[in-house]
Amino acid sequence: MKKLQILCVILLGIISFSACEKDDICVDGDTPLLVINFYDKDDTTNLKQVTKLRIVGANNEFAYQNANFMDRTDADVVDIPLIANETSTTFALIQNSADVEEAETGNIDIVTFNYTTKEVFVSRACGFIINYENLTQELTVDTDNWIQEVKIEETLIEKSDIVHVKIFH
């Protein structure tokens with residue numbers, strides 16, 4: 001009888017532990033970034049670097065930078081985050097950026113990206129990410145826009161490895 005009890009306890013233990021889900025490791029749990037490529041306005045198939053590019057979010061005093069993009073560098077591709085709990089994000093894209101006595105002297109163009117958000121469950125370890133749908137843009141026109149055209153290439157942002165927006169300058 002004692003052997004039967006031990007066997008039942010072992011069997012219950014095995015069943016209990018096999019029902020537990022293994023800990024996940026989150027590999028693909030990042031909300032995608034908006035990928036922008038800059039092109040020559042005269043030869044629209046050629047990438048063209050923006051000289052001393054600076055990207056600042058509207059109402060934000062800090063310039064955006066990440067591992068792929070450093071502030072005030074020449075760049076023809078950038079990947080930037082959109083605000084997940086809003087339906088639009090506005091950026092000041094500054095060409096030839098430089099500070100003179102803490103005042104920006106570069107050419108500033110304002111671009112607003114509008115979108116809807118969609119939560120997507122990735123896994124228990126990663127939780128939810130945000131995808132962006134129905135991407136549109138508004139370029140604020142001023143007397144000296146360096147940006148000539150903003151073209152949406154992909155209205156759904158669910159990956160950070162494709163071009164979503166082309167900017168011609």
# chains A, B, ... in the order shown; residues from 1 in each chain; ligands from 1
call {"tool": "residues_around", "arguments": {"residues": "range 138-154 of chain A", "least_positions_apart": "4", "cutoff": "12 Å", "atoms": "only C-alpha atoms", "output": "compact mmCIF listing (two decimals) with N, CA and C atoms, in the first residue's frame"}}
result
# COMPACT_ATOMS: atom_id res chain seq x y z
N LEU A 34 9.29 53.61 -37.27
CA LEU A 34 9.01 54.18 -38.57
C LEU A 34 10.33 54.34 -39.32
N VAL A 35 10.46 53.71 -40.48
CA VAL A 35 11.69 53.76 -41.27
C VAL A 35 11.51 54.79 -42.39
N ILE A 36 12.42 55.78 -42.40
CA ILE A 36 12.39 56.85 -43.39
C ILE A 36 13.67 56.81 -44.21
N ASN A 37 13.54 56.82 -45.52
CA ASN A 37 14.68 56.96 -46.42
C ASN A 37 14.61 58.33 -47.08
N PHE A 38 15.77 58.96 -47.25
CA PHE A 38 15.86 60.27 -47.88
C PHE A 38 16.41 60.10 -49.29
N TYR A 39 15.73 60.73 -50.27
CA TYR A 39 16.08 60.58 -51.68
C TYR A 39 16.34 61.94 -52.32
N ASP A 40 17.10 61.86 -53.41
CA ASP A 40 17.37 63.04 -54.22
C ASP A 40 16.09 63.42 -54.97
N LYS A 41 15.67 64.66 -54.85
CA LYS A 41 14.44 65.11 -55.51
C LYS A 41 14.55 65.08 -57.03
N ASP A 42 15.76 65.23 -57.56
CA ASP A 42 15.96 65.24 -59.01
C ASP A 42 16.14 63.85 -59.60
N THR A 44 14.98 60.45 -58.26
CA THR A 44 14.19 59.86 -57.18
C THR A 44 14.51 58.42 -56.84
N LYS A 48 19.89 60.05 -50.86
CA LYS A 48 20.67 61.27 -50.71
C LYS A 48 20.74 61.62 -49.23
N VAL A 50 21.10 63.62 -45.79
CA VAL A 50 20.76 64.93 -45.26
C VAL A 50 21.95 65.36 -44.41
N THR A 51 22.49 66.53 -44.69
CA THR A 51 23.67 67.02 -43.99
C THR A 51 23.31 67.46 -42.57
N LEU A 53 21.84 66.09 -40.00
CA LEU A 53 20.43 65.87 -39.68
C LEU A 53 20.22 65.79 -38.17
N SER A 88 -1.06 60.58 -33.47
CA SER A 88 -0.15 61.31 -34.35
C SER A 88 1.14 61.61 -33.60
N THR A 89 2.21 61.78 -34.37
CA THR A 89 3.51 62.15 -33.84
C THR A 89 4.09 63.20 -34.78
N THR A 90 4.60 64.29 -34.19
CA THR A 90 5.16 65.37 -34.98
C THR A 90 6.66 65.46 -34.72
N PHE A 91 7.41 65.61 -35.81
CA PHE A 91 8.86 65.72 -35.73
C PHE A 91 9.33 67.00 -36.41
N ALA A 92 10.35 67.61 -35.83
CA ALA A 92 11.10 68.66 -36.51
C ALA A 92 12.31 67.99 -37.11
N LEU A 93 12.40 68.00 -38.44
CA LEU A 93 13.56 67.44 -39.15
C LEU A 93 14.42 68.63 -39.55
N ILE A 94 15.64 68.65 -39.03
CA ILE A 94 16.50 69.82 -39.19
C ILE A 94 17.70 69.46 -40.05
N GLN A 95 17.85 70.20 -41.14
CA GLN A 95 18.99 70.04 -42.05
C GLN A 95 20.05 71.08 -41.67
N ASN A 96 21.33 70.69 -41.71
CA ASN A 96 22.45 71.57 -41.34
C ASN A 96 22.29 72.11 -39.92
N GLY A 106 19.81 75.63 -38.08
CA GLY A 106 19.54 74.81 -39.26
C GLY A 106 18.17 75.10 -39.85
N ASN A 107 17.91 74.50 -41.00
CA ASN A 107 16.63 74.64 -41.68
C ASN A 107 15.67 73.61 -41.11
N ILE A 108 14.60 74.06 -40.47
CA ILE A 108 13.67 73.19 -39.75
C ILE A 108 12.41 72.99 -40.58
N ASP A 109 12.08 71.73 -40.85
CA ASP A 109 10.81 71.37 -41.47
C ASP A 109 10.03 70.49 -40.49
N ILE A 110 8.73 70.71 -40.43
CA ILE A 110 7.87 69.99 -39.50
C ILE A 110 7.02 68.98 -40.28
N VAL A 111 7.10 67.71 -39.85
CA VAL A 111 6.30 66.64 -40.46
C VAL A 111 5.50 65.96 -39.36
N THR A 112 4.21 65.80 -39.60
CA THR A 112 3.33 65.09 -38.67
C THR A 112 2.89 63.79 -39.31
N PHE A 113 3.01 62.70 -38.58
CA PHE A 113 2.54 61.40 -39.04
C PHE A 113 1.29 61.04 -38.24
N ASN A 114 0.21 60.72 -38.96
CA ASN A 114 -1.05 60.33 -38.35
C ASN A 114 -1.26 58.84 -38.58
N TYR A 115 -1.92 58.18 -37.63
CA TYR A 115 -2.07 56.73 -37.71
C TYR A 115 -3.11 56.27 -36.71
N TYR A 132 1.12 50.08 -36.17
CA TYR A 132 0.49 51.31 -36.62
C TYR A 132 -0.14 51.07 -37.99
N GLU A 133 -1.37 51.54 -38.15
CA GLU A 133 -2.09 51.34 -39.40
C GLU A 133 -2.54 52.68 -39.96
N ASN A 134 -2.87 52.69 -41.25
CA ASN A 134 -3.43 53.87 -41.92
C ASN A 134 -2.52 55.09 -41.78
N GLU A 158 4.39 47.27 -39.20
CA GLU A 158 4.45 46.10 -38.33
C GLU A 158 5.85 45.49 -38.32
N LYS A 159 6.75 46.05 -39.14
CA LYS A 159 8.13 45.60 -39.20
C LYS A 159 9.03 46.82 -39.30
N SER A 160 10.24 46.70 -38.78
CA SER A 160 11.21 47.79 -38.87
C SER A 160 12.28 47.54 -39.93
N ASP A 161 12.04 46.58 -40.80
CA ASP A 161 13.06 46.26 -41.81
C ASP A 161 12.63 46.61 -43.23
N ILE A 162 11.56 47.41 -43.37
CA ILE A 162 11.15 47.88 -44.68
C ILE A 162 10.97 49.40 -44.62
N VAL A 163 11.03 50.03 -45.77
CA VAL A 163 10.87 51.49 -45.85
C VAL A 163 9.38 51.83 -45.78
N HIS A 164 9.02 52.70 -44.85
CA HIS A 164 7.63 53.15 -44.71
C HIS A 164 7.40 54.49 -45.39
N VAL A 165 8.43 55.36 -45.33
CA VAL A 165 8.29 56.73 -45.84
C VAL A 165 9.52 57.09 -46.66
N LYS A 166 9.28 57.78 -47.78
CA LYS A 166 10.37 58.34 -48.58
C LYS A 166 10.25 59.86 -48.52
N ILE A 167 11.35 60.51 -48.21
CA ILE A 167 11.39 61.97 -48.20
C ILE A 167 12.36 62.42 -49.29
N PHE A 168 11.86 63.31 -50.15
CA PHE A 168 12.67 63.82 -51.27
C PHE A 168 13.13 65.23 -50.94
N HIS A 169 14.43 65.48 -51.15
CA HIS A 169 15.00 66.81 -50.86
C HIS A 169 16.07 67.16 -51.87
call {"tool": "select_by_dssp", "arguments": {"residues": "range 25-69 of chain A", "states": "strand (DSSP E)", "output": "JSON, numbers by chain"}}
result
{"A": [34, 35, 36, 37, 38, 39, 50, 51, 52, 53, 54, 55, 56, 57]}
call {"tool": "atom_distance", "arguments": {"atom1": "CA of Leu156 in chain A", "atom2": "CA of Gln49 in chain A"}}
result
25.1 Å
call {"tool": "closest_residue", "arguments": {"among": "A:Thr105, A:Thr155, A:Ile80, A:Thr116", "to": "Pro32 in chain A", "atoms": "only C-alpha atoms"}}
result
A:Ile80
call {"tool": "closest_residue", "arguments": {"among": "A:Ile55, A:Ala63, A:Val120, A:Ala84", "to": "Gly29 in chain A", "atoms": "only C-alpha atoms"}}
result
A:Val120
call {"tool": "residues_around", "arguments": {"residues": "Phe128 in chain A", "least_positions_apart": "3", "cutoff": "9 Å", "atoms": "only C-alpha atoms", "output": "list in words"}}
result
Gly29, Asp30, Thr31, Glu119, Val120, Phe121, Val122, Ser123 and Arg124 of chain A
call {"tool": "write_last_selection", "arguments": {"atoms": "all heavy atoms", "output": "mmCIF file, in the first residue's frame"}}
result
data_model
loop_
_atom_site.group_PDB
_atom_site.id
_atom_site.type_symbol
_atom_site.label_atom_id
_atom_site.label_comp_id
_atom_site.auth_asym_id
_atom_site.auth_seq_id
_atom_site.Cartn_x
_atom_site.Cartn_y
_atom_site.Cartn_z
ATOM 1 N N GLY A 29 9.678 41.061 -29.365
ATOM 2 C CA GLY A 29 8.693 41.835 -28.644
ATOM 3 C C GLY A 29 8.833 43.326 -28.740
ATOM 4 O O GLY A 29 8.411 44.032 -27.845
ATOM 5 N N ASP A 30 9.402 43.843 -29.814
ATOM 6 C CA ASP A 30 9.582 45.282 -29.926
ATOM 7 C C ASP A 30 8.538 45.898 -30.845
ATOM 8 O O ASP A 30 8.278 45.384 -31.934
ATOM 9 C CB ASP A 30 10.973 45.619 -30.477
ATOM 10 C CG ASP A 30 12.077 45.314 -29.486
ATOM 11 O OD1 ASP A 30 11.812 45.324 -28.273
ATOM 12 O OD2 ASP A 30 13.199 45.055 -29.922
ATOM 13 N N THR A 31 7.982 47.016 -30.407
ATOM 14 C CA THR A 31 7.097 47.787 -31.266
ATOM 15 C C THR A 31 7.927 48.321 -32.431
ATOM 16 O O THR A 31 9.022 48.842 -32.226
ATOM 17 C CB THR A 31 6.460 48.939 -30.465
ATOM 18 O OG1 THR A 31 5.587 48.370 -29.478
ATOM 19 C CG2 THR A 31 5.670 49.865 -31.359
ATOM 20 N N GLU A 119 -3.044 46.964 -30.873
ATOM 21 C CA GLU A 119 -2.262 46.116 -29.968
ATOM 22 C C GLU A 119 -2.229 44.696 -30.518
ATOM 23 O O GLU A 119 -3.247 44.167 -30.956
ATOM 24 C CB GLU A 119 -2.874 46.100 -28.571
ATOM 25 C CG GLU A 119 -2.664 47.356 -27.785
ATOM 26 C CD GLU A 119 -3.143 47.217 -26.344
ATOM 27 O OE1 GLU A 119 -3.842 46.238 -26.011
ATOM 28 O OE2 GLU A 119 -2.814 48.104 -25.557
ATOM 29 N N VAL A 120 -1.049 44.106 -30.479
ATOM 30 C CA VAL A 120 -0.867 42.740 -30.961
ATOM 31 C C VAL A 120 -0.187 41.945 -29.853
ATOM 32 O O VAL A 120 0.877 42.339 -29.365
ATOM 33 C CB VAL A 120 0.001 42.711 -32.243
ATOM 34 C CG1 VAL A 120 0.249 41.295 -32.694
ATOM 35 C CG2 VAL A 120 -0.651 43.539 -33.338
ATOM 36 N N PHE A 121 -0.805 40.828 -29.462
ATOM 37 C CA PHE A 121 -0.215 39.969 -28.451
ATOM 38 C C PHE A 121 0.880 39.133 -29.098
ATOM 39 O O PHE A 121 0.648 38.428 -30.080
ATOM 40 C CB PHE A 121 -1.272 39.058 -27.826
ATOM 41 C CG PHE A 121 -0.726 38.159 -26.747
ATOM 42 C CD1 PHE A 121 -0.422 38.666 -25.508
ATOM 43 C CD2 PHE A 121 -0.499 36.814 -26.994
ATOM 44 C CE1 PHE A 121 0.099 37.845 -24.506
ATOM 45 C CE2 PHE A 121 0.015 35.991 -26.005
ATOM 46 C CZ PHE A 121 0.314 36.502 -24.755
ATOM 47 N N VAL A 122 2.097 39.218 -28.537
ATOM 48 C CA VAL A 122 3.237 38.490 -29.089
ATOM 49 C C VAL A 122 3.410 37.155 -28.371
ATOM 50 O O VAL A 122 3.428 36.101 -28.982
ATOM 51 C CB VAL A 122 4.529 39.328 -28.997
ATOM 52 C CG1 VAL A 122 5.724 38.545 -29.507
ATOM 53 C CG2 VAL A 122 4.372 40.623 -29.774
ATOM 54 N N SER A 123 3.564 37.204 -27.054
ATOM 55 C CA SER A 123 3.718 36.000 -26.242
ATOM 56 C C SER A 123 3.572 36.395 -24.782
ATOM 57 O O SER A 123 3.491 37.576 -24.451
ATOM 58 C CB SER A 123 5.084 35.342 -26.477
ATOM 59 O OG SER A 123 6.108 36.168 -25.954
ATOM 60 N N ARG A 124 3.567 35.407 -23.931
ATOM 61 C CA ARG A 124 3.463 35.693 -22.502
ATOM 62 C C ARG A 124 4.667 36.485 -22.010
ATOM 63 O O ARG A 124 4.543 37.391 -21.199
ATOM 64 C CB ARG A 124 3.343 34.373 -21.735
ATOM 65 C CG ARG A 124 2.440 34.488 -20.524
ATOM 66 C CD ARG A 124 2.211 33.151 -19.885
ATOM 67 N NE ARG A 124 3.029 33.147 -18.684
ATOM 68 C CZ ARG A 124 3.610 32.106 -18.169
ATOM 69 N NH1 ARG A 124 3.504 30.942 -18.751
ATOM 70 N NH2 ARG A 124 4.315 32.200 -17.078
#
call {"tool": "atom_distance", "arguments": {"atom1": "CA of Phe62 in chain A", "atom2": "CA of Pro81 in chain A"}}
result
13.9 Å
call {"tool": "closest_residue", "arguments": {"among": "A:Val100, A:Leu33, A:Leu47, A:Met70", "to": "Ile130 in chain A", "atoms": "only C-alpha atoms"}}
result
A:Leu33
